[in-house]
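First the structure, in the form of structure tokens, and then the observations on it.
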Number of protein chains: 2
Amino acid sequence: MNAEFKRYKDIVEDNIIGCLPEIDHKSEILYDSMKYSLTSGGKRIRSVLLLAAAELCGASFTEAIPYACAVEYIQTYSLIHDDHPCMDNDDYRRGKLTNHKVFGDGMAMLAGDGLLSSAYEVMTKDMLLYLDDPEKLNRRVRAIYELSKGTGVRGMVAGQVADLESEHKDVSPDMLAFIHMNKTAAFIKSSVMAGAYIGGADSDVLRRFSVYGESLGLAFQIIDDIQDVIGTKESRGKDVGGDAEAEKATYPALFGIEKSKEYAQELLDKARNAIDFFKGKAESLFFVIDYLEQQIKD
Amino acid sequence: MNAEFKRYKDIVEDNIIGCLPEIDHKSEILYDSMKYSLTSGGKRIRSVLLLAAAELCGASFTEAIPYACAVEYIQTYSLIHDDHPCMDNDDYRRGKLTNHKVFGDGMAMLAGDGLLSSAYEVMTKDMLLYLDDPEKLNRRVRAIYELSKGTGVRGMVAGQVADLESEHKDVSPDMLAFIHMNKTAAFIKSSVMAGAYIGGADSDVLRRFSVYGESLGLAFQIIDDIQDVIGTKESRGKDVGGDAEAEKATYPALFGIEKSKEYAQELLDKARNAIDFFKGKAESLFFVIDYLEQQIKD
């Protein structure tokens, strides 16, 4: 792992539990359930991108920590709900039992609800620190709005719905693009953009990050779908072949592995071009591209 | 219904769908599912309290509409998830089939997730309008923080967890108080407080509203539990006796109906005293007390 990426990832790991709102011991099982999934070994790509973008644009990384943690709370909530019996009904995630297998279906739903609520609680609590600094407060308002769009009914939730609705159906390339853009790319893009806003990025930088985040996010989903076909349970930390079983709409299913790899490479090139401007300064941002590229070159 | 209450309720009904983020037609089923539950005839108590508090404290009610709608999105998400098969598994709510009975278990979970996300998206989008007005922006930051606390892991979600954990168990009066305070009172209180913040209330008024909201919220839950014992399916719009069946922790179960009515009355008196100050000006706030009182006097 690239040293800068590791530094940011360590910052996230060091703060992800401590940043949670303090929970009364009478609902400690909620805390246990949320903590279980928060510490199940994610790659932390979204939060690292947020921290890297924030620091690159001029914020101290400590300023961006609540938002980086919030992004992981949202990501973790979405995984818990996605794994739930009423959705994908997965038993394993990252090599560990899924939340509902350990805490039960009801608690898993509430842990997800609690994490999503905590994301906004942590971000708005941070904003209270900037009531006397309108410039920095405004940046945070924009960052939260960006994240709410990327993960809500015009973003991730919309993508999940379209994905669920498309199972066992013929899906047009147009619908597939909609699913990928919303289910995955919107959140990754909004994480980068949120970091950029917190750092006070100008409109040119915001535009570059928008292209970078979207291209990277689309490539991320296509490569994830490719790995579901060619990967092993060990390399993936979860069952593979689930997409084909559920007849999910994916690029490999529609276009085959080779075409999917080509398209992913094009998107990674586009992401790389968008941030070429920062060469030598934003190693983490380039590292994520390299990391994804490796998976289609093996 | 009191005329002022009706005026506020009509404002909520007129805006609750239009305030939603615009949804792409490719995920229209999400919109249908959210809309189904949003228009299933709730009493809108929380949003009316928010509008009334905001206007009483000096905001125009139009300023408070996004927050009133957000409160109903949060309330509706919590009901959809609460009715879900992995939680209470209820078939009816307000006389209509519950969301998952109509749209399926997966879509119901996503509709709840979408509504919670929309609440924050709508509130932060509104904040973008006040980037040049730090005073009004600050009030909104406080309002959102209050709502996030009241409905998150130190509020409603914590109460839901404790409630779920207490089924089929002996529950102490202390734990029962925790459940009621968090499951119901915290959100009602934070709705009133959010309105007060938006209206620019001073610390004395905030203190009064805090006592009013908390007392009213506790009374609300106790009276709801009483009605689950003495009400009919027709009067309730849903199955009754469910609490006893699930051996839920309630005041009637622990202390009997009469003692529960007495305690509810005490709380309503406390709520009334707290806002006595506003007599002649805040009819809706008094009306909600009267409305609840009626249900323990019949």
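Every chain in the structure tokens has a letter given in the order shown (A, B, ...), and although residue numbers restart at 1 in each chain, ligands are simply numbered from 1 in the order shown.
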
Exercise: stretch 101-114 of chain A partners within 8 Å, only C-alpha atoms, chain neighbours under 6 positions left out, as a ChimeraX atom specification:
/A:30-31,33-34,76-78,80-81,84-85,91 /B:81,86-87,113,152-153,157,160-161,164

Serialized selection, N, CA, C and O atoms, as a compact mmCIF listing (two decimals), in the first residue's frame:
# COMPACT_ATOMS: atom_id res chain seq x y z
N LEU A 30 -26.63 -1.82 20.40
CA LEU A 30 -26.60 -1.01 19.17
C LEU A 30 -25.17 -0.60 18.85
O LEU A 30 -24.71 -0.72 17.71
N TYR A 31 -24.48 -0.14 19.87
CA TYR A 31 -23.08 0.25 19.72
C TYR A 31 -22.25 -0.95 19.25
O TYR A 31 -21.44 -0.84 18.32
N SER A 33 -23.21 -3.59 17.66
CA SER A 33 -23.59 -3.97 16.30
C SER A 33 -22.98 -3.00 15.26
O SER A 33 -22.44 -3.42 14.23
N MET A 34 -23.04 -1.71 15.57
CA MET A 34 -22.46 -0.71 14.66
C MET A 34 -20.94 -0.89 14.59
O MET A 34 -20.34 -0.87 13.52
N THR A 76 -20.95 1.93 5.60
CA THR A 76 -21.21 0.73 6.41
C THR A 76 -22.71 0.48 6.55
O THR A 76 -23.16 -0.67 6.48
N TYR A 77 -23.49 1.55 6.76
CA TYR A 77 -24.95 1.38 6.79
C TYR A 77 -25.44 0.75 5.50
O TYR A 77 -26.26 -0.17 5.50
N SER A 78 -24.90 1.23 4.36
CA SER A 78 -25.41 0.73 3.08
C SER A 78 -25.05 -0.75 2.90
O SER A 78 -25.84 -1.52 2.34
N ILE A 80 -24.63 -3.00 5.43
CA ILE A 80 -25.46 -3.79 6.36
C ILE A 80 -26.85 -4.00 5.76
O ILE A 80 -27.39 -5.11 5.75
N HIS A 81 -27.44 -2.91 5.24
CA HIS A 81 -28.78 -3.04 4.66
C HIS A 81 -28.75 -3.86 3.36
O HIS A 81 -29.66 -4.63 3.09
N HIS A 84 -28.71 -7.54 4.07
CA HIS A 84 -29.88 -7.98 4.86
C HIS A 84 -30.71 -9.03 4.11
O HIS A 84 -30.79 -8.98 2.87
N PRO A 85 -31.32 -9.95 4.83
CA PRO A 85 -32.17 -10.98 4.18
C PRO A 85 -33.22 -10.40 3.22
O PRO A 85 -33.54 -11.03 2.22
N ASP A 91 -24.35 -13.96 3.68
CA ASP A 91 -23.89 -14.46 4.99
C ASP A 91 -22.53 -13.92 5.37
O ASP A 91 -22.19 -13.84 6.56
N HIS B 81 -39.74 1.21 8.79
CA HIS B 81 -38.78 0.23 9.33
C HIS B 81 -39.34 -0.49 10.55
O HIS B 81 -39.12 -1.68 10.74
N CYS B 86 -38.77 -7.71 9.88
CA CYS B 86 -37.65 -7.97 10.79
C CYS B 86 -37.80 -7.21 12.11
O CYS B 86 -37.01 -7.41 13.03
N MET B 87 -38.81 -6.34 12.19
CA MET B 87 -39.08 -5.62 13.45
C MET B 87 -40.46 -6.06 13.97
O MET B 87 -40.61 -7.19 14.38
N ASP B 113 -34.74 4.12 4.02
CA ASP B 113 -33.40 4.71 3.85
C ASP B 113 -33.48 5.98 3.01
O ASP B 113 -32.81 6.99 3.30
N GLY B 152 -31.39 9.98 16.32
CA GLY B 152 -30.28 9.07 16.07
C GLY B 152 -29.99 8.12 17.21
O GLY B 152 -30.90 7.72 17.94
N VAL B 153 -28.73 7.78 17.37
CA VAL B 153 -28.34 6.73 18.33
C VAL B 153 -28.34 7.22 19.77
O VAL B 153 -28.09 6.44 20.69
N VAL B 157 -33.41 6.01 17.58
CA VAL B 157 -32.86 4.68 17.25
C VAL B 157 -32.47 3.93 18.52
O VAL B 157 -32.71 2.72 18.64
N GLN B 160 -35.64 2.52 19.98
CA GLN B 160 -36.10 1.36 19.21
C GLN B 160 -35.31 0.10 19.60
O GLN B 160 -35.86 -0.99 19.74
N VAL B 161 -34.00 0.29 19.75
CA VAL B 161 -33.14 -0.84 20.11
C VAL B 161 -33.51 -1.37 21.50
O VAL B 161 -33.68 -2.57 21.69
N LEU B 164 -36.80 -3.19 21.32
CA LEU B 164 -36.65 -4.51 20.70
C LEU B 164 -36.00 -5.49 21.66
O LEU B 164 -36.43 -6.65 21.79

Which residues come within 12 Å of A:Leu268, counting only C-alpha atoms, excluding same-chain residues fewer than 6 positions away, as number ranges by chain?
A: 211-223, 261-262, 274-275, 285-296

Using DSSP on the backbone, list every residue of stretch 44-202 of chain B that comes out as strand (DSSP E), and give them as a PyMOL selection string.
chain B and resi 92-93+96-97

Mind checking which residues fall within 12 Å of B:Asp133, counting only C-alpha atoms, ignoring those fewer than 4 positions away in the same chain, and posting them as a ChimeraX atom specification?
/A:131,134-135,137-138 /B:127-129,137-140

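Distances here use only C-alpha atoms; by that measure, the residue among B:Leu79, B:Cys57, B:Leu97, B:Ile23 closest to chain A is B:Ile23.
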
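Taking only C-alpha atoms into account, chain B lies nearest to A:Ile144 out of the set A:Ile144, A:Ile65, A:Ala196, A:Leu56.
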
Set the distance at 10 Å and use only C-alpha atoms: which residues neighbour B:His180 once local chain neighbours fewer than 2 positions away are removed? I'd like the list as a list in words.
Gly155, Met156, Gly159, Gln160, Ala162, Asp163, Met175, Leu176, Ala177, Phe178, Asn182, Lys183, Thr184, Ala185, Ala186, Gly217, Leu218, Ala219, Phe220, Gln221, Ile222, Ala249, Thr250 and Tyr251 of chain B
